[in-house]
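Pasting final.tsv here (TSV, C-alpha atoms and all ligand atoms):
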```tsv
chain	number	residue	atom	x	y	z
A	1	MET	CA	-23.71	-18.38	6.49
A	2	GLY	CA	-25.60	-15.12	6.59
A	3	SER	CA	-25.64	-11.72	8.17
A	4	GLN	CA	-27.55	-10.11	11.02
A	5	PRO	CA	-29.66	-7.04	10.25
A	6	LEU	CA	-27.54	-3.98	10.82
A	7	SER	CA	-30.31	-1.40	10.82
A	8	PHE	CA	-29.49	-0.10	14.32
A	9	LEU	CA	-26.28	1.33	12.96
A	10	ASN	CA	-26.08	3.86	10.19
A	11	LYS	CA	-23.73	3.28	7.24
A	12	ASN	CA	-20.92	5.47	8.56
A	13	ASN	CA	-21.04	3.87	11.98
A	14	ILE	CA	-20.85	0.44	10.40
A	15	ILE	CA	-17.78	1.45	8.43
A	16	HIS	CA	-16.10	2.93	11.52
A	17	LEU	CA	-16.96	-0.18	13.49
A	18	LYS	CA	-15.57	-2.41	10.77
A	19	ILE	CA	-12.33	-0.43	10.57
A	20	PHE	CA	-11.99	-0.84	14.32
A	21	ILE	CA	-12.71	-4.57	14.09
A	22	VAL	CA	-10.18	-4.99	11.27
A	23	LEU	CA	-7.49	-3.21	13.26
A	24	PHE	CA	-8.42	-5.14	16.38
A	25	LEU	CA	-8.51	-8.52	14.64
A	26	GLY	CA	-5.15	-7.81	13.05
A	27	PHE	CA	-3.56	-8.40	16.44
A	28	ILE	CA	-5.34	-11.63	17.25
A	29	PRO	CA	-3.24	-14.68	16.38
A	30	ASP	CA	-6.19	-16.73	15.22
A	31	LYS	CA	-7.93	-17.36	11.96
A	32	THR	CA	-11.25	-18.44	10.60
A	33	ASN	CA	-12.28	-19.41	7.12
A	34	LEU	CA	-15.35	-19.27	4.99
A	35	CYS	CA	-16.83	-22.71	5.53
A	36	SER	CA	-19.65	-24.53	3.82
A	37	ASN	CA	-22.26	-23.17	6.17
A	38	VAL	CA	-20.60	-22.27	9.46
A	39	LEU	CA	-17.54	-20.31	10.51
A	40	SER	CA	-14.83	-22.58	11.74
A	41	ALA	CA	-11.50	-22.08	13.48
A	42	THR	CA	-8.84	-24.15	11.75
A	43	LEU	CA	-5.83	-23.98	14.01
A	44	THR	CA	-6.07	-27.37	15.73
A	45	VAL	CA	-7.01	-29.86	13.09
A	46	PRO	CA	-6.07	-33.55	13.32
A	47	PRO	CA	-5.66	-35.52	10.06
A	48	ARG	CA	-9.08	-35.63	8.46
A	49	LEU	CA	-10.62	-38.97	7.58
A	50	ASN	CA	-13.34	-37.50	5.40
A	51	THR	CA	-11.16	-35.11	3.48
A	52	ARG	CA	-9.83	-37.61	0.95
A	53	SER	CA	-13.23	-38.79	-0.24
A	54	SER	CA	-14.52	-35.20	-0.29
A	55	LEU	CA	-11.57	-34.18	-2.42
A	56	SER	CA	-11.99	-36.89	-4.99
A	57	SER	CA	-15.56	-35.69	-5.56
A	58	LEU	CA	-14.19	-32.27	-6.55
A	59	GLU	CA	-12.58	-33.81	-9.62
A	60	THR	CA	-16.01	-34.68	-10.99
A	61	LEU	CA	-17.29	-31.08	-11.08
A	62	GLY	CA	-16.49	-30.25	-14.72
A	63	LEU	CA	-15.15	-26.73	-14.34
A	64	ASP	CA	-13.79	-24.17	-16.81
A	65	GLY	CA	-10.72	-23.88	-14.56
A	66	TYR	CA	-9.08	-26.64	-12.53
A	67	PHE	CA	-8.05	-27.90	-9.10
A	68	SER	CA	-4.45	-28.54	-8.14
A	69	PHE	CA	-3.99	-31.14	-5.42
A	70	ASP	CA	-0.17	-31.21	-5.32
A	71	ASN	CA	2.60	-28.66	-5.01
A	72	ASN	CA	0.32	-26.20	-3.21
A	73	HIS	CA	2.92	-24.87	-0.78
A	74	HIS	CA	2.66	-21.35	-2.22
A	75	ALA	CA	-0.95	-21.26	-0.95
A	76	ALA	CA	0.33	-21.95	2.58
A	77	LYS	CA	2.30	-18.70	2.63
A	78	ASP	CA	1.40	-15.06	2.99
A	79	PHE	CA	3.13	-11.73	3.56
A	80	GLY	CA	3.21	-12.23	7.34
A	81	ASN	CA	5.09	-15.54	7.00
A	82	ILE	CA	3.85	-16.54	10.47
A	83	TYR	CA	1.28	-19.23	9.68
A	84	HIS	CA	1.64	-21.94	7.05
A	85	PHE	CA	-1.55	-23.98	6.59
A	86	LEU	CA	-1.27	-26.39	3.68
A	87	PRO	CA	-4.55	-26.67	1.75
A	88	ALA	CA	-5.76	-29.98	0.35
A	89	ALA	CA	-6.67	-28.33	-2.95
A	90	VAL	CA	-6.32	-25.03	-4.75
A	91	LEU	CA	-9.05	-23.98	-7.17
A	92	HIS	CA	-7.89	-21.93	-10.15
A	93	PRO	CA	-11.26	-20.64	-11.39
A	94	LYS	CA	-11.73	-19.39	-14.92
A	95	SER	CA	-15.31	-18.26	-14.28
A	96	VAL	CA	-17.64	-17.22	-11.46
A	97	THR	CA	-19.54	-20.45	-12.14
A	98	ASP	CA	-16.42	-22.41	-11.14
A	99	ILE	CA	-16.53	-20.75	-7.72
A	100	SER	CA	-20.28	-21.14	-7.20
A	101	THR	CA	-20.23	-24.77	-8.36
A	102	THR	CA	-17.40	-25.59	-5.95
A	103	ILE	CA	-18.95	-23.86	-2.96
A	104	ARG	CA	-22.39	-25.32	-3.63
A	105	HIS	CA	-20.77	-28.75	-3.81
A	106	VAL	CA	-18.97	-28.24	-0.48
A	107	PHE	CA	-22.19	-26.90	1.07
A	108	GLU	CA	-24.17	-29.92	-0.12
A	109	MET	CA	-21.57	-32.30	1.33
A	110	GLY	CA	-22.35	-30.71	4.71
A	111	SER	CA	-20.07	-30.16	7.65
A	112	ALA	CA	-19.08	-33.85	7.71
A	113	SER	CA	-16.79	-33.18	4.76
A	114	GLU	CA	-14.72	-30.98	7.09
A	115	LEU	CA	-13.63	-28.89	4.12
A	116	THR	CA	-13.15	-25.20	4.76
A	117	VAL	CA	-12.81	-22.67	1.95
A	118	ALA	CA	-10.77	-19.46	1.80
A	119	ALA	CA	-10.46	-16.92	-1.00
A	120	ARG	CA	-6.89	-15.89	-1.70
A	121	GLY	CA	-6.20	-12.54	-3.36
A	122	HIS	CA	-2.58	-11.42	-3.48
A	123	ALA	CA	-1.92	-13.02	-0.04
A	124	HIS	CA	-0.71	-9.84	1.62
A	125	SER	CA	-2.43	-10.89	4.83
A	126	LEU	CA	-0.25	-11.17	7.89
A	127	GLN	CA	-1.87	-14.01	9.85
A	128	GLY	CA	-2.98	-16.74	7.47
A	129	GLN	CA	-6.39	-15.18	6.72
A	130	ALA	CA	-6.25	-16.34	3.09
A	131	GLN	CA	-5.23	-19.91	3.97
A	132	ALA	CA	-7.33	-23.05	4.61
A	133	HIS	CA	-5.77	-25.91	6.54
A	134	GLN	CA	-6.53	-29.11	4.58
A	135	GLY	CA	-9.30	-27.18	2.89
A	136	ILE	CA	-9.78	-25.43	-0.44
A	137	VAL	CA	-8.04	-22.18	-1.33
A	138	ILE	CA	-9.60	-20.27	-4.22
A	139	ASN	CA	-6.93	-18.48	-6.21
A	140	MET	CA	-8.91	-15.31	-7.07
A	141	GLU	CA	-6.18	-13.95	-9.33
A	142	SER	CA	-7.12	-16.63	-11.89
A	143	LEU	CA	-10.20	-14.51	-12.61
A	144	GLN	CA	-8.05	-11.48	-13.41
A	145	GLY	CA	-8.15	-11.80	-17.21
A	146	GLN	CA	-11.84	-10.81	-17.25
A	147	GLU	CA	-12.47	-7.54	-19.03
A	148	MET	CA	-12.87	-4.33	-17.00
A	149	ARG	CA	-15.90	-2.28	-18.00
A	150	ILE	CA	-15.64	1.47	-17.56
A	151	HIS	CA	-18.77	3.62	-17.54
A	152	ALA	CA	-18.17	7.34	-17.96
A	153	GLY	CA	-20.96	9.87	-17.33
A	154	GLU	CA	-22.23	11.72	-14.29
A	155	MET	CA	-21.43	8.97	-11.82
A	156	PRO	CA	-18.56	7.10	-13.47
A	157	TYR	CA	-17.62	3.62	-12.31
A	158	VAL	CA	-15.60	0.59	-13.29
A	159	GLU	CA	-16.76	-3.03	-13.07
A	160	VAL	CA	-13.93	-5.36	-12.22
A	161	SER	CA	-13.27	-8.92	-11.16
A	162	GLY	CA	-12.73	-9.56	-7.43
A	163	GLY	CA	-9.29	-10.96	-8.29
A	164	GLU	CA	-8.13	-7.83	-10.14
A	165	LEU	CA	-5.13	-5.89	-8.85
A	166	TRP	CA	-5.67	-2.19	-8.04
A	167	ILE	CA	-2.58	-1.27	-10.06
A	168	ASN	CA	-4.25	-2.67	-13.21
A	169	ILE	CA	-7.42	-0.72	-12.47
A	170	LEU	CA	-5.38	2.46	-12.21
A	171	HIS	CA	-3.71	1.90	-15.58
A	172	GLU	CA	-7.02	1.09	-17.29
A	173	THR	CA	-9.10	3.91	-15.82
A	174	LEU	CA	-6.38	6.50	-16.48
A	175	LYS	CA	-6.89	5.91	-20.21
A	176	HIS	CA	-10.30	7.56	-19.69
A	177	GLY	CA	-8.99	10.37	-17.46
A	178	LEU	CA	-10.63	8.66	-14.47
A	179	ALA	CA	-9.42	6.89	-11.32
A	180	PRO	CA	-10.88	5.32	-8.17
A	181	LYS	CA	-11.27	7.93	-5.42
A	182	SER	CA	-9.86	5.98	-2.49
A	183	TRP	CA	-6.72	3.88	-2.41
A	184	THR	CA	-4.33	1.83	-0.35
A	185	ASP	CA	-0.67	2.87	-0.24
A	186	TYR	CA	0.44	-0.30	-1.97
A	187	LEU	CA	-1.42	-1.16	-5.19
A	188	HIS	CA	-0.47	-4.79	-5.86
A	189	LEU	CA	-3.43	-5.97	-3.78
A	190	THR	CA	-6.69	-7.42	-5.10
A	191	VAL	CA	-10.09	-5.77	-5.09
A	192	GLY	CA	-11.59	-8.66	-3.09
A	193	GLY	CA	-8.70	-8.59	-0.61
A	194	THR	CA	-8.90	-4.91	0.29
A	195	LEU	CA	-12.71	-4.72	0.15
A	196	SER	CA	-12.79	-7.58	2.66
A	197	ASN	CA	-10.74	-5.39	4.99
A	198	ALA	CA	-11.29	-1.66	4.47
A	199	GLY	CA	-8.73	-0.16	2.10
A	200	ILE	CA	-7.37	2.88	3.87
A	201	SER	CA	-5.00	5.58	2.71
A	202	GLY	CA	-4.64	9.34	2.53
A	203	GLN	CA	-7.94	9.90	0.66
A	204	ALA	CA	-10.05	8.18	3.36
A	205	PHE	CA	-10.49	11.38	5.41
A	206	TRP	CA	-12.40	12.84	2.46
A	207	HIS	CA	-13.88	9.96	0.44
A	208	GLY	CA	-13.98	7.29	3.13
A	209	PRO	CA	-12.08	4.00	2.82
A	210	GLN	CA	-12.39	1.86	-0.32
A	211	ILE	CA	-15.41	0.01	1.12
A	212	ASN	CA	-17.21	3.36	1.11
A	213	ASN	CA	-16.74	3.77	-2.63
A	214	VAL	CA	-18.45	0.67	-3.98
A	215	TYR	CA	-21.81	0.83	-5.78
A	216	GLN	CA	-22.46	-2.87	-6.23
A	217	LEU	CA	-20.97	-6.30	-5.62
A	218	GLU	CA	-21.43	-9.72	-7.11
A	219	VAL	CA	-20.99	-12.27	-4.32
A	220	VAL	CA	-20.93	-16.05	-4.14
A	221	THR	CA	-22.57	-16.95	-0.84
A	222	GLY	CA	-21.74	-19.91	1.41
A	223	LYS	CA	-24.49	-21.88	-0.33
A	224	GLY	CA	-22.97	-21.27	-3.75
A	225	GLU	CA	-25.58	-18.76	-4.87
A	226	VAL	CA	-24.43	-15.86	-7.06
A	227	VAL	CA	-26.03	-12.69	-5.67
A	228	THR	CA	-25.82	-9.11	-6.91
A	229	CYS	CA	-26.07	-6.77	-3.94
A	230	SER	CA	-25.86	-3.05	-3.21
A	231	ASP	CA	-27.10	-0.60	-0.60
A	232	LYS	CA	-30.57	-1.03	-2.14
A	233	GLN	CA	-30.58	-4.72	-3.00
A	234	ASP	CA	-29.65	-7.38	-0.42
A	235	ALA	CA	-28.11	-4.58	1.64
A	236	ASP	CA	-27.36	-6.86	4.62
A	237	LEU	CA	-25.17	-9.06	2.45
A	238	PHE	CA	-23.56	-6.00	0.81
A	239	TYR	CA	-22.54	-4.42	4.13
A	240	ALA	CA	-21.55	-7.75	5.65
A	241	VAL	CA	-19.19	-8.61	2.80
A	242	LEU	CA	-17.58	-5.15	2.71
A	243	GLY	CA	-15.01	-5.32	5.50
A	244	GLY	CA	-16.25	-8.85	6.28
A	245	LEU	CA	-12.80	-10.50	6.32
A	246	GLY	CA	-13.91	-13.04	3.72
A	247	GLN	CA	-16.43	-14.61	6.10
A	248	PHE	CA	-19.74	-13.71	4.44
A	249	GLY	CA	-19.17	-14.58	0.80
A	250	ILE	CA	-16.69	-14.34	-2.04
A	251	ILE	CA	-16.53	-11.10	-4.00
A	252	THR	CA	-16.41	-12.06	-7.67
A	253	GLN	CA	-17.14	-8.64	-9.11
A	254	ALA	CA	-17.23	-5.05	-7.83
A	255	ARG	CA	-18.61	-1.82	-9.26
A	256	ILE	CA	-16.23	0.86	-8.02
A	257	SER	CA	-16.93	4.57	-8.05
A	258	LEU	CA	-14.52	6.73	-10.12
A	259	GLY	CA	-13.68	10.42	-10.24
A	260	PRO	CA	-11.56	12.63	-12.49
A	261	ALA	CA	-7.91	11.57	-12.26
A	262	PRO	CA	-5.67	14.44	-11.17
A	263	LYS	CA	-3.45	15.66	-14.00
A	264	MET	CA	-0.72	16.90	-11.66
A	265	VAL	CA	-0.01	16.57	-7.94
A	266	LYS	CA	2.11	18.45	-5.48
A	267	TRP	CA	3.52	16.01	-2.93
A	268	ILE	CA	4.77	17.24	0.43
A	269	ARG	CA	6.23	15.34	3.37
A	270	VAL	CA	6.87	17.05	6.69
A	271	LEU	CA	8.82	15.53	9.56
A	272	TYR	CA	7.95	16.24	13.19
A	273	SER	CA	9.82	15.43	16.35
A	274	LYS	CA	6.88	16.23	18.69
A	275	PHE	CA	3.72	14.13	18.54
A	276	SER	CA	1.48	16.91	19.88
A	277	VAL	CA	2.49	19.32	17.10
A	278	PHE	CA	2.16	16.59	14.45
A	279	SER	CA	-1.33	15.49	15.57
A	280	HIS	CA	-2.50	19.09	15.93
A	281	ASP	CA	-1.46	19.86	12.33
A	282	GLN	CA	-3.03	16.68	11.00
A	283	GLU	CA	-6.35	17.32	12.75
A	284	HIS	CA	-6.32	20.88	11.54
A	285	LEU	CA	-5.70	19.87	7.92
A	286	ILE	CA	-8.32	17.13	7.75
A	287	SER	CA	-10.94	19.46	9.20
A	288	THR	CA	-10.09	22.40	6.91
A	289	GLU	CA	-12.12	22.54	3.72
A	290	ASN	CA	-10.18	22.56	0.44
A	291	SER	CA	-6.85	21.92	2.12
A	292	PHE	CA	-5.30	18.80	0.59
A	293	ASP	CA	-6.66	15.88	-1.47
A	294	TYR	CA	-4.52	13.35	0.39
A	295	ILE	CA	-3.40	13.49	4.01
A	296	GLU	CA	-1.70	10.63	5.81
A	297	GLY	CA	0.28	10.56	9.02
A	298	PHE	CA	2.67	7.89	10.14
A	299	VAL	CA	5.26	7.08	12.75
A	300	ILE	CA	8.83	6.22	11.78
A	301	ILE	CA	12.01	5.26	13.56
A	302	ASN	CA	14.79	7.52	12.45
A	303	LYS	CA	17.38	5.43	10.65
A	304	THR	CA	20.82	6.38	9.47
A	305	GLY	CA	20.56	8.15	6.16
A	306	LEU	CA	16.87	8.94	6.52
A	307	LEU	CA	17.31	12.64	5.99
A	308	ASN	CA	19.55	12.17	2.97
A	309	ASN	CA	17.12	9.80	1.28
A	310	TRP	CA	13.99	11.82	1.90
A	311	ARG	CA	12.80	14.84	0.08
A	312	SER	CA	11.64	16.45	3.31
A	313	SER	CA	10.25	19.85	4.16
A	314	PHE	CA	13.63	21.32	5.03
A	315	SER	CA	17.14	21.07	3.73
A	316	PRO	CA	19.18	18.42	5.58
A	317	LYS	CA	22.06	20.85	5.09
A	318	ASP	CA	20.37	23.36	7.37
A	319	PRO	CA	22.30	22.48	10.56
A	320	LEU	CA	19.69	23.80	12.99
A	321	GLN	CA	16.72	21.97	11.54
A	322	ALA	CA	18.63	18.80	10.63
A	323	ASN	CA	19.97	18.55	14.16
A	324	GLU	CA	16.44	18.15	15.50
A	325	PHE	CA	15.95	14.97	13.46
A	326	SER	CA	19.43	13.49	13.52
A	327	SER	CA	19.15	11.09	16.47
A	328	ASP	CA	19.22	7.50	15.18
A	329	GLY	CA	16.61	5.17	16.63
A	330	ARG	CA	14.39	8.06	17.75
A	331	THR	CA	10.69	8.07	16.96
A	332	LEU	CA	9.66	10.67	14.42
A	333	TYR	CA	6.29	11.58	12.92
A	334	CYS	CA	5.59	12.25	9.28
A	335	LEU	CA	2.72	14.04	7.63
A	336	GLU	CA	2.35	13.26	3.94
A	337	MET	CA	0.08	15.51	1.88
A	338	VAL	CA	-0.87	15.86	-1.75
A	339	LYS	CA	-2.66	18.60	-3.65
A	340	TYR	CA	-4.23	17.78	-7.01
A	341	PHE	CA	-4.19	20.45	-9.72
A	342	ASN	CA	-4.31	21.10	-13.47
A	343	PRO	CA	-1.25	22.26	-15.43
A	344	ASP	CA	-2.72	25.79	-15.79
A	345	GLU	CA	-3.05	26.03	-11.99
A	346	THR	CA	0.62	25.47	-11.22
A	347	LYS	CA	1.13	28.95	-9.86
A	348	THR	CA	-1.93	28.98	-7.60
A	349	ALA	CA	-1.26	25.42	-6.37
A	350	ASN	CA	2.07	26.61	-5.01
A	351	GLN	CA	0.46	29.60	-3.35
A	352	VAL	CA	-2.40	27.92	-1.47
A	353	ARG	CA	-2.23	28.89	2.18
A	354	LEU	CA	-2.93	25.79	4.22
A	355	VAL	CA	-2.01	26.20	7.87
B	1	LIG	C1	3.05	-3.97	1.90
B	1	LIG	C2	1.60	-3.83	2.32
B	1	LIG	C3	1.01	-2.60	2.27
B	1	LIG	C4	-0.33	-2.42	2.66
B	1	LIG	N1	-0.88	-1.20	2.60
B	1	LIG	C5	-2.15	-1.03	2.99
B	1	LIG	C6	-2.74	0.27	2.97
B	1	LIG	O1	-2.12	1.26	2.63
B	1	LIG	N2	-4.04	0.37	3.35
B	1	LIG	C7	-4.78	-0.71	3.74
B	1	LIG	O2	-5.97	-0.55	4.03
B	1	LIG	N3	-4.23	-1.94	3.80
B	1	LIG	C8	-2.95	-2.11	3.45
B	1	LIG	N4	-2.39	-3.36	3.52
B	1	LIG	C9	-3.21	-4.45	4.02
B	1	LIG	C10	-4.00	-5.06	2.85
B	1	LIG	O3	-5.03	-4.17	2.45
B	1	LIG	C11	-4.69	-6.35	3.27
B	1	LIG	O4	-3.73	-7.23	3.73
B	1	LIG	C12	-5.46	-6.94	2.09
B	1	LIG	O5	-6.26	-7.98	2.56
B	1	LIG	C13	-4.51	-7.48	1.08
B	1	LIG	O6	-5.17	-7.83	-0.11
B	1	LIG	P1	-4.83	-9.21	-0.78
B	1	LIG	O7	-5.36	-9.17	-2.17
B	1	LIG	O8	-3.41	-9.56	-0.63
B	1	LIG	O9	-5.76	-10.16	0.12
B	1	LIG	P2	-5.43	-11.57	0.79
B	1	LIG	O10	-4.35	-11.42	1.79
B	1	LIG	O11	-5.22	-12.57	-0.26
B	1	LIG	O12	-6.82	-11.84	1.53
B	1	LIG	C14	-7.17	-11.05	2.64
B	1	LIG	C15	-8.52	-11.51	3.21
B	1	LIG	O13	-9.55	-11.26	2.25
B	1	LIG	C16	-10.17	-12.47	1.88
B	1	LIG	N5	-10.41	-12.37	0.44
B	1	LIG	C17	-9.50	-12.24	-0.55
B	1	LIG	N6	-10.11	-12.12	-1.73
B	1	LIG	C18	-11.44	-12.17	-1.47
B	1	LIG	C19	-12.61	-12.11	-2.28
B	1	LIG	N7	-12.54	-11.96	-3.59
B	1	LIG	N8	-13.81	-12.19	-1.67
B	1	LIG	C20	-13.91	-12.34	-0.31
B	1	LIG	N9	-12.84	-12.41	0.50
B	1	LIG	C21	-11.62	-12.33	-0.08
B	1	LIG	C22	-9.19	-13.59	2.24
B	1	LIG	O14	-9.84	-14.81	2.45
B	1	LIG	C23	-8.58	-13.03	3.50
B	1	LIG	O15	-9.43	-13.22	4.59
B	1	LIG	C24	-1.07	-3.56	3.12
B	1	LIG	C25	-0.46	-4.82	3.17
B	1	LIG	C26	0.85	-4.94	2.77
B	1	LIG	C27	1.48	-6.31	2.84
```

What does the file become when written as structure tokens?
Ligand SMILES: Cc1cc2nc3c(=O)[nH]c(=O)nc-3n(C[C@H](O)[C@H](O)[C@H](O)COP(=O)(O)OP(=O)(O)OC[C@H]3O[C@@H](n4cnc5c(N)ncnc54)[C@H](O)[C@@H]3O)c2cc1C
Amino acid sequence: MGSQPLSFLNKNNIIHLKIFIVLFLGFIPDKTNLCSNVLSATLTVPPRLNTRSSLSSLETLGLDGYFSFDNNHHAAKDFGNIYHFLPAAVLHPKSVTDISTTIRHVFEMGSASELTVAARGHAHSLQGQAQAHQGIVINMESLQGQEMRIHAGEMPYVEVSGGELWINILHETLKHGLAPKSWTDYLHLTVGGTLSNAGISGQAFWHGPQINNVYQLEVVTGKGEVVTCSDKQDADLFYAVLGGLGQFGIITQARISLGPAPKMVKWIRVLYSKFSVFSHDQEHLISTENSFDYIEGFVIINKTGLLNNWRSSFSPKDPLQANEFSSDGRTLYCLEMVKYFNPDETKTANQVRLV
């Protein structure tokens, strides 16, 4: 396992390329897993003769955590519910050493062991990306209990385990008046899981996706080495792992950039019936300085009751405006925007002229 030099692309291009690859790969009904030393497709796998003897050797490793060899059906499921690959073993690590010891052991057995390895965060993948057919799934959430370390100062950051949920990071950093700058919409996802993809939401137009807001990673490589990497140290590994779909190493710790947490927010959602008007407004807002702190656009199918359940930009009781959005099953467009402000700025926040 390893990464090619990426020097012909600058950092931003790499991130854009990775976002494209993530979106593109999301539609490919195939999967690969982190293997001992090569990438391997695991869709067509006959019963493995070598697996049993390889597995019994795992029991001799003397870990802080443990392996489970039975009742592992939960590890053959994910949010997509399309693929169900039963692993031969699930590692519940209690330390980073558990992960490095296991991977080094699999690496030293060589490809003849036929064991593949996949990290599993919160399993919100759609296509079995966090599964390993007859291989080893590493349950990253077992590492969650490890203490988060928050560093305030000029460039504040938090150091967290790769198995930590973003929702827990939010609660912890808020105690210090701080918060990560870039988010996903849904927060019950792990740090390792979203940093292996991109982590995109309404702050990405300004701060970049989550993979753009990481100072340093601790990674277990395919040889079982524990490497600390950043844009200055082992940069190839750093940029390969970020958005690397779990193929270049396992993220065991991340140093994530923080900023001041907003004290108050004004949240606005606007519905559009015409795509051209919607996209024009969105482009205008993301290219206007000091407009909003969060801008996200999405497409929705109008369902019965939509207008009654939404706090939208017009009153559903206004017959003229409501009529435009009343057709069930029609495609509508929504722009969601947020402005951060302090309590003493309430008046001015309401008066900001944006379009
Ligand atoms: C309801 C829902 C809402 C979502 N919203 C957003 C959103 O707003 N923005 C967005 O960008 N995405 C969103 N996603 C997609 C989500 O970011 C990805 O599916 C992400 O991978 C999920 O994280 P997870 O912890 O569940 O990872 P998993 O599904 O467990 O793993 C995903 C991939 O990362 C690998 N992996 C997991 N942990 C590690 C680790 N520690 N080190 C290395 N590799 C690892 C796995 O092997 C697998 O390949 C959403 C998904 C769902 C289901």

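Nearest residue to Val106 (chain A) among A:Ile251, A:Leu91, A:Leu242, A:Leu55 is A:Leu55, counting all atoms listed in the file.
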
List all protein, DNA and RNA residues that have an atom no more than 8 Å from any atom of ligand LIG 1 (chain B), counting only C-alpha atoms and all ligand atoms, and report them as a ChimeraX atom specification.
-> /A:33-34,78-80,118-126,128-131,140,162-163,165,183-201,209,219,241,244-253

Could you tell me which of A:Ala76, A:Ala254, A:Met264, A:Leu285 comes closest to His133 (chain A) if we count all atoms listed in the file?
-> A:Ala76

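Of the listed residues (A:Asn302, A:Gln203, A:Thr116, A:Ile256), A:Gln203 comes nearest to Lys339 (chain A); the distances count all atoms listed in the file.
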
What gap, in Å, lies between CA of Ser113 (chain A) and CA of Glu141 (chain A)?
-> 26.1 Å

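Distance-wise, CA of Ala89 (chain A) and CA of Gly110 (chain A) end up 17.6 Å apart.
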
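CA of Tyr157 (chain A) is positioned 12.3 Å from CA of Leu174 (chain A).
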
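Closest approach to Val220 (chain A) from the set A:Glu154, A:Asp318, A:Asp98, A:Asp236 is made by A:Asp98, with distances taken over all atoms listed in the file.
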
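Among the candidate residues A:Ser68, A:Ser100, A:Thr288, A:Ser57, the one lying nearest to Val226 (chain A) is A:Ser100, with distances computed using all atoms listed in the file.
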
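Minimum atom-to-atom distances from A:Ile286, A:Leu332, A:Ser182, A:Gly65 to Ile301 (chain A) were compared using all atoms listed in the file, and the lowest value belongs to A:Leu332.
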
Pick out the residues sitting within 7 Å of Lys263 (chain A), and hand them over as a PyMOL selection string; count all atoms listed in the file, and ignore anything fewer than 2 positions along from it in its own chain.
-> chain A and resi 261+341-342

Please provide the set of residues having any atom within 10 Å of Asp231 (chain A), restricted to all atoms listed in the file, with same-chain residues fewer than 3 positions apart removed, written as a ChimeraX atom specification.
-> /A:11,214-217,234-239

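Omitting Phe67 (chain A) and its sequence neighbours fewer than 6 positions away, and counting only C-alpha atoms, the residues within 12 Å are Leu55, Ser56, Ser57, Leu58, Glu59, Thr60, Leu61, Pro87, Ala88, Ala89, Val90, Leu91, His92, Pro93, Lys94, Asp98, Ile99, Thr102, Ile136, Val137, Ile138, Asn139 and Ser142 of chain A.
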